[in-house]
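Below is the file final.txt, which contains compact mmCIF, C-alpha atoms.
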```txt
# COMPACT_ATOMS: atom_id res chain seq x y z
CA GLU Q 1 -4.35 11.52 -18.22
CA LEU Q 2 -7.24 9.43 -19.56
CA ARG Q 3 -6.29 6.56 -17.28
CA ARG Q 4 -6.42 8.88 -14.27
CA ILE Q 5 -9.80 10.26 -15.33
CA PHE Q 6 -11.31 6.78 -15.72
CA THR Q 7 -9.79 5.73 -12.41
CA ARG Q 8 -11.40 8.69 -10.66
CA ILE Q 9 -14.75 7.97 -12.31
CA GLY Q 10 -14.46 4.45 -10.90
CA LEU Q 11 -14.48 5.90 -7.39
CA GLY Q 12 -18.20 6.66 -7.67
CA THR Q 13 -20.68 5.35 -5.11
CA TRP Q 14 -22.15 2.75 -7.47
CA ILE Q 15 -19.08 0.54 -6.98
CA ARG Q 16 -19.48 -2.27 -4.46
CA LEU Q 17 -16.90 -1.69 -1.78
CA ARG Q 18 -14.58 -4.57 -1.00
CA PRO Q 19 -13.76 -5.78 2.46
CA ARG Q 20 -10.57 -4.32 3.80
CA VAL Q 21 -7.68 -5.85 5.72
CA ARG Q 22 -8.48 -7.48 9.07
CA SER Q 23 -6.83 -6.37 12.30
CA HIS Q 24 -4.54 -9.39 12.60
CA SER Q 25 -3.21 -8.75 9.08
CA VAL Q 26 -2.57 -5.07 9.85
CA ASP Q 27 -0.69 -6.20 12.97
CA ALA Q 28 1.40 -8.59 10.85
CA VAL Q 29 2.30 -5.79 8.46
CA LEU Q 30 3.17 -3.38 11.28
CA ASN Q 31 5.39 -5.99 12.97
CA ALA Q 32 7.24 -6.75 9.74
CA VAL Q 33 7.64 -3.07 8.87
CA GLU Q 34 9.09 -2.32 12.29
CA ILE Q 35 11.73 -5.04 11.76
CA LEU Q 36 12.49 -3.93 8.19
CA ALA Q 37 12.83 -0.29 9.24
CA ALA Q 38 15.21 -1.19 12.09
CA LYS Q 39 17.36 -3.17 9.60
CA ARG Q 40 17.07 -0.43 6.96
CA CYS Q 41 15.72 -2.94 4.54
CA GLY Q 42 13.54 -1.18 1.97
CA CYS Q 43 10.03 -2.31 1.18
CA LEU Q 44 6.97 -1.25 -0.75
CA ILE Q 45 3.57 -2.69 0.23
CA VAL Q 46 0.44 -1.81 -1.75
CA PHE Q 47 -3.00 -2.25 -0.19
CA GLY Q 48 -5.74 -2.45 -2.77
CA ARG Q 49 -9.01 -0.85 -1.82
CA ASN Q 50 -11.85 -0.33 -4.31
CA ILE Q 51 -10.03 0.16 -7.60
CA GLY Q 52 -8.66 -3.08 -9.04
CA LEU Q 53 -4.91 -3.47 -9.35
CA ASN Q 54 -4.82 -6.21 -12.01
CA THR Q 55 -2.44 -4.30 -14.28
CA ILE Q 56 -0.02 -3.90 -11.35
CA VAL Q 57 -0.39 -7.53 -10.22
CA GLU Q 58 0.39 -8.74 -13.76
CA THR Q 59 3.86 -7.13 -13.57
CA GLY Q 60 4.92 -9.32 -10.63
CA THR Q 61 4.94 -12.89 -9.39
CA ARG Q 62 1.58 -14.21 -8.23
CA LEU Q 63 1.51 -15.46 -4.64
CA ASN Q 64 -2.11 -15.65 -3.45
CA ALA Q 65 -0.82 -16.30 0.08
CA ASP Q 66 -2.15 -15.49 3.52
CA LEU Q 67 -0.60 -12.27 4.77
CA SER Q 68 1.91 -12.74 7.61
CA SER Q 69 4.97 -11.02 9.06
CA SER Q 70 7.11 -13.98 7.99
CA LEU Q 71 5.97 -13.72 4.39
CA ILE Q 72 6.63 -9.98 4.27
CA LEU Q 73 10.10 -10.40 5.78
CA THR Q 74 10.88 -13.18 3.32
CA VAL Q 75 9.72 -11.19 0.29
CA PHE Q 76 11.82 -8.18 1.27
CA THR Q 77 14.99 -10.06 2.17
CA GLU Q 78 17.80 -8.26 0.38
CA ASN Q 79 19.31 -9.76 -2.76
CA THR Q 80 16.25 -11.86 -3.56
CA PRO Q 81 14.34 -11.58 -6.86
CA LEU Q 82 11.21 -9.99 -5.34
CA HIS Q 83 12.94 -7.53 -2.99
CA ASP Q 84 12.92 -4.49 -5.27
CA GLY Q 85 9.30 -4.62 -6.40
CA ALA Q 86 6.07 -4.03 -4.53
CA LEU Q 87 4.02 -6.55 -2.56
CA VAL Q 88 0.34 -6.19 -3.47
CA VAL Q 89 -2.20 -6.97 -0.74
CA VAL Q 90 -5.91 -7.27 -1.45
CA GLU Q 91 -8.18 -7.99 1.48
CA ASP Q 92 -6.12 -10.40 3.63
CA LYS Q 93 -4.06 -11.93 0.82
CA ALA Q 94 -0.59 -11.20 -0.50
CA VAL Q 95 -1.65 -11.39 -4.14
CA ALA Q 96 1.68 -10.74 -5.88
CA ALA Q 97 5.24 -9.60 -5.22
CA GLY Q 98 7.96 -7.99 -7.29
CA CYS Q 99 5.38 -5.72 -8.92
CA PHE Q 100 6.23 -2.53 -10.80
CA LEU Q 101 4.39 0.69 -9.98
CA PRO Q 102 3.99 3.87 -12.04
CA LEU Q 103 6.33 6.65 -10.95
CA SER Q 104 5.01 10.02 -9.87
CA GLU Q 105 5.46 12.80 -12.36
CA GLN Q 106 5.09 15.60 -9.82
CA PRO Q 107 7.75 18.18 -10.61
CA ASP Q 108 8.06 19.38 -7.01
CA ILE Q 109 8.71 16.00 -5.37
CA ARG Q 110 11.68 15.97 -2.98
CA ARG Q 111 14.96 15.25 -4.71
CA SER Q 112 15.94 13.03 -1.79
CA PHE Q 113 13.09 10.59 -2.56
CA GLY Q 114 14.19 7.44 -4.31
CA THR Q 115 12.33 5.16 -6.66
CA ARG Q 116 10.25 3.51 -3.89
CA HIS Q 117 8.81 6.83 -2.73
CA ARG Q 118 8.19 8.00 -6.30
CA ALA Q 119 6.46 4.71 -7.08
CA ALA Q 120 4.31 4.88 -3.94
CA LEU Q 121 3.21 8.40 -4.78
CA GLY Q 122 2.67 7.49 -8.43
CA LEU Q 123 0.23 4.71 -7.57
CA ALA Q 124 -1.51 6.90 -4.96
CA GLU Q 125 -2.03 9.50 -7.70
CA GLU Q 126 -3.63 6.99 -10.07
CA THR Q 127 -5.66 4.76 -7.73
CA ASP Q 128 -7.23 4.67 -4.28
CA ALA Q 129 -4.57 2.24 -3.03
CA VAL Q 130 -2.69 2.82 0.22
CA VAL Q 131 1.07 2.33 -0.18
CA LEU Q 132 3.49 1.77 2.68
CA VAL Q 133 7.20 2.50 2.09
CA VAL Q 134 10.28 1.73 4.18
CA SER Q 135 13.36 3.67 3.13
CA GLU Q 136 16.50 1.64 2.57
CA GLU Q 137 18.66 4.72 3.22
CA ASN Q 138 17.41 5.71 6.68
CA GLY Q 139 14.69 3.27 7.76
CA SER Q 140 11.96 5.90 7.72
CA VAL Q 141 8.41 4.67 7.16
CA SER Q 142 6.06 6.60 4.89
CA LEU Q 143 2.48 6.21 3.73
CA ALA Q 144 1.04 7.29 0.38
CA TYR Q 145 -2.67 7.63 -0.37
CA ASP Q 146 -5.01 10.09 -2.08
CA ALA Q 147 -2.10 11.51 -4.13
CA ASN Q 148 -0.18 12.47 -0.97
CA LEU Q 149 2.92 11.09 0.72
CA LEU Q 150 3.29 11.29 4.50
CA TYR Q 151 7.01 10.94 5.15
CA ASP Q 152 8.75 9.47 8.21
CA LEU Q 153 5.69 8.65 10.30
CA PRO Q 154 6.10 7.66 13.96
CA HIS Q 155 4.99 4.06 14.57
CA GLU Q 156 1.86 5.07 16.52
CA GLU Q 157 0.67 7.44 13.80
CA LEU Q 158 1.41 4.89 11.08
CA ALA Q 159 -0.58 2.23 12.95
CA SER Q 160 -3.52 4.56 13.51
CA ARG Q 161 -3.69 5.76 9.91
CA LEU Q 162 -3.24 2.29 8.45
CA ARG Q 163 -6.01 0.84 10.62
CA ARG Q 164 -8.37 3.67 9.75
CA LEU Q 165 -7.71 3.33 6.02
CA LEU Q 166 -7.80 -0.47 5.78
CA GLU Q 167 -9.73 -2.31 8.44
CA TYR Q 168 -13.18 -3.75 8.37
CA ASN Q 169 -15.88 -1.72 10.05
CA ALA Q 170 -17.71 -4.23 12.28
CA GLU Q 171 -21.01 -2.28 12.27
CA HIS Q 172 -21.23 -2.34 8.49
CA MET Q 173 -20.12 -5.95 8.13
CA GLU Q 174 -23.52 -7.14 9.30
CA GLU Q 175 -25.18 -5.09 6.59
CA GLY Q 176 -22.85 -6.53 3.95
CA SER Q 177 -21.01 -3.31 3.16
CA VAL Q 178 -17.81 -1.73 4.30
CA GLU Q 179 -17.06 1.85 5.27
CA ALA Q 180 -15.19 3.76 2.57
```
Would it be possible to restate this file's structure as structure tokens?
Amino acid sequence: ELRRIFTRIGLGTWIRLRPRVRSHSVDAVLNAVEILAAKRCGCLIVFGRNIGLNTIVETGTRLNADLSSSLILTVFTENTPLHDGALVVVEDKAVAAGCFLPLSEQPDIRRSFGTRHRAALGLAEETDAVVLVVSEENGSVSLAYDANLLYDLPHEELASRLRRLLEYNAEHMEEGSVEA
């Protein structure tokens, strides 16, 4: 509970907002997710926003690589060491893979949700991160943020929401700040 309180305090306006993910990186993610969903290959991608994710990054393997569809597909190839953990993205970099996330403790969460969905919701409850999930069971794509999980989003809605939540705002870039 204390961790959640301090995390929420950290959302105040005095924090310098970080740049978000550029359009070409969002496109790379969307392309990879479409392929993974069609193959029913599960994935969990965390997009850091203003609250640092160092404790999450420390649980995985550091990458510090440019974000690309190829990298995402490689990380989430089945039967590889990093497949079951989360890929953490900060700005336009894949910072770490194979990361462990806190599980949601909501008592009313759907029983059909597996560990990936519970982990996505758990992180969205504790931070301002945006978490994208592809279900291994049925290929559905979900998005977790602000302590909510939007399940089985159509591709167009996923793309729209992800862009709105992550991309740079060109008007504010000139001023040196980014829209929240």
Fewer than 5 positions away in the same chain doesn't count, so skip those; otherwise give me all residues within 7 Å of Q:Lys93, counting all atoms listed in the file, as a PDB file with C-alpha atoms, in the frame of the given file.
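Wrote it out as part00.pdb, contents follow:
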```pdb
ATOM      1  CA  ASN Q  64      -2.110 -15.650  -3.450  1.00  0.00           C
ATOM      2  CA  ALA Q  65      -0.820 -16.300   0.080  1.00  0.00           C
ATOM      3  CA  ASP Q  66      -2.150 -15.490   3.520  1.00  0.00           C
ATOM      4  CA  LEU Q  67      -0.600 -12.270   4.770  1.00  0.00           C
TER       5      LEU Q  67
END
```
Need the neighbours of (-1.5, 1.6, -7.4): which residues are at most 12 Å away, counting all atoms listed in the file, as number ranges by chain? Q: 4, 7, 44-57, 59, 86-90, 99-104, 118-132, 144-147
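Atom to atom, atom CA of Q:Arg111 and atom CA of Q:Tyr151 stand 13.4 Å apart.
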Quick one: distance from atom CA of Q:Arg40 to atom CA of Q:Glu136 in Å, one decimal? 4.9 Å
Interatomic distance between atom CA of Q:Asp84 and atom CA of Q:Arg164? 27.3 Å
Contact table stretch 56-131 of chain Q vs stretch 21-33 of chain Q, cut-off 8 Å, shortest pair per residue, only C-alpha atoms, as CSV:
```
residue,atom,partner,partner_atom,distance
Q:Leu67,CA,Q:Ser25,CA,6.1
Q:Ser68,CA,Q:Ala28,CA,5.3
Q:Ser69,CA,Q:Ala28,CA,4.7
Q:Ser70,CA,Q:Ala32,CA,7.4
Q:Ile72,CA,Q:Ala32,CA,6.4
Q:Leu73,CA,Q:Ala32,CA,6.1
Q:Val90,CA,Q:Val21,CA,7.5
Q:Glu91,CA,Q:Val21,CA,4.8
Q:Asp92,CA,Q:Val21,CA,5.2
```
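For the residues Q:Asn148, Q:Thr61, Q:His83, Q:Ser140, ranking by smallest atom-to-atom distance to Q:Gln106 using only C-alpha atoms places Q:Asn148 first.
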8 Å contact set for Q:Ser135, only C-alpha atoms, chain neighbours under 5 positions out, as number ranges by chain: Q: 37, 40-43, 116, 140-141
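Minimum atom-to-atom distance to Q:Phe76, evaluated using all atoms listed in the file, belongs to Q:Val133 out of Q:Val95, Q:His117, Q:Ser112, Q:Val133.
Among the candidates Q:Glu58, Q:Leu158, Q:Ala97, Q:Leu143, the residue lying nearest to Q:Gly85 is Q:Ala97 (atoms considered: all atoms listed in the file).
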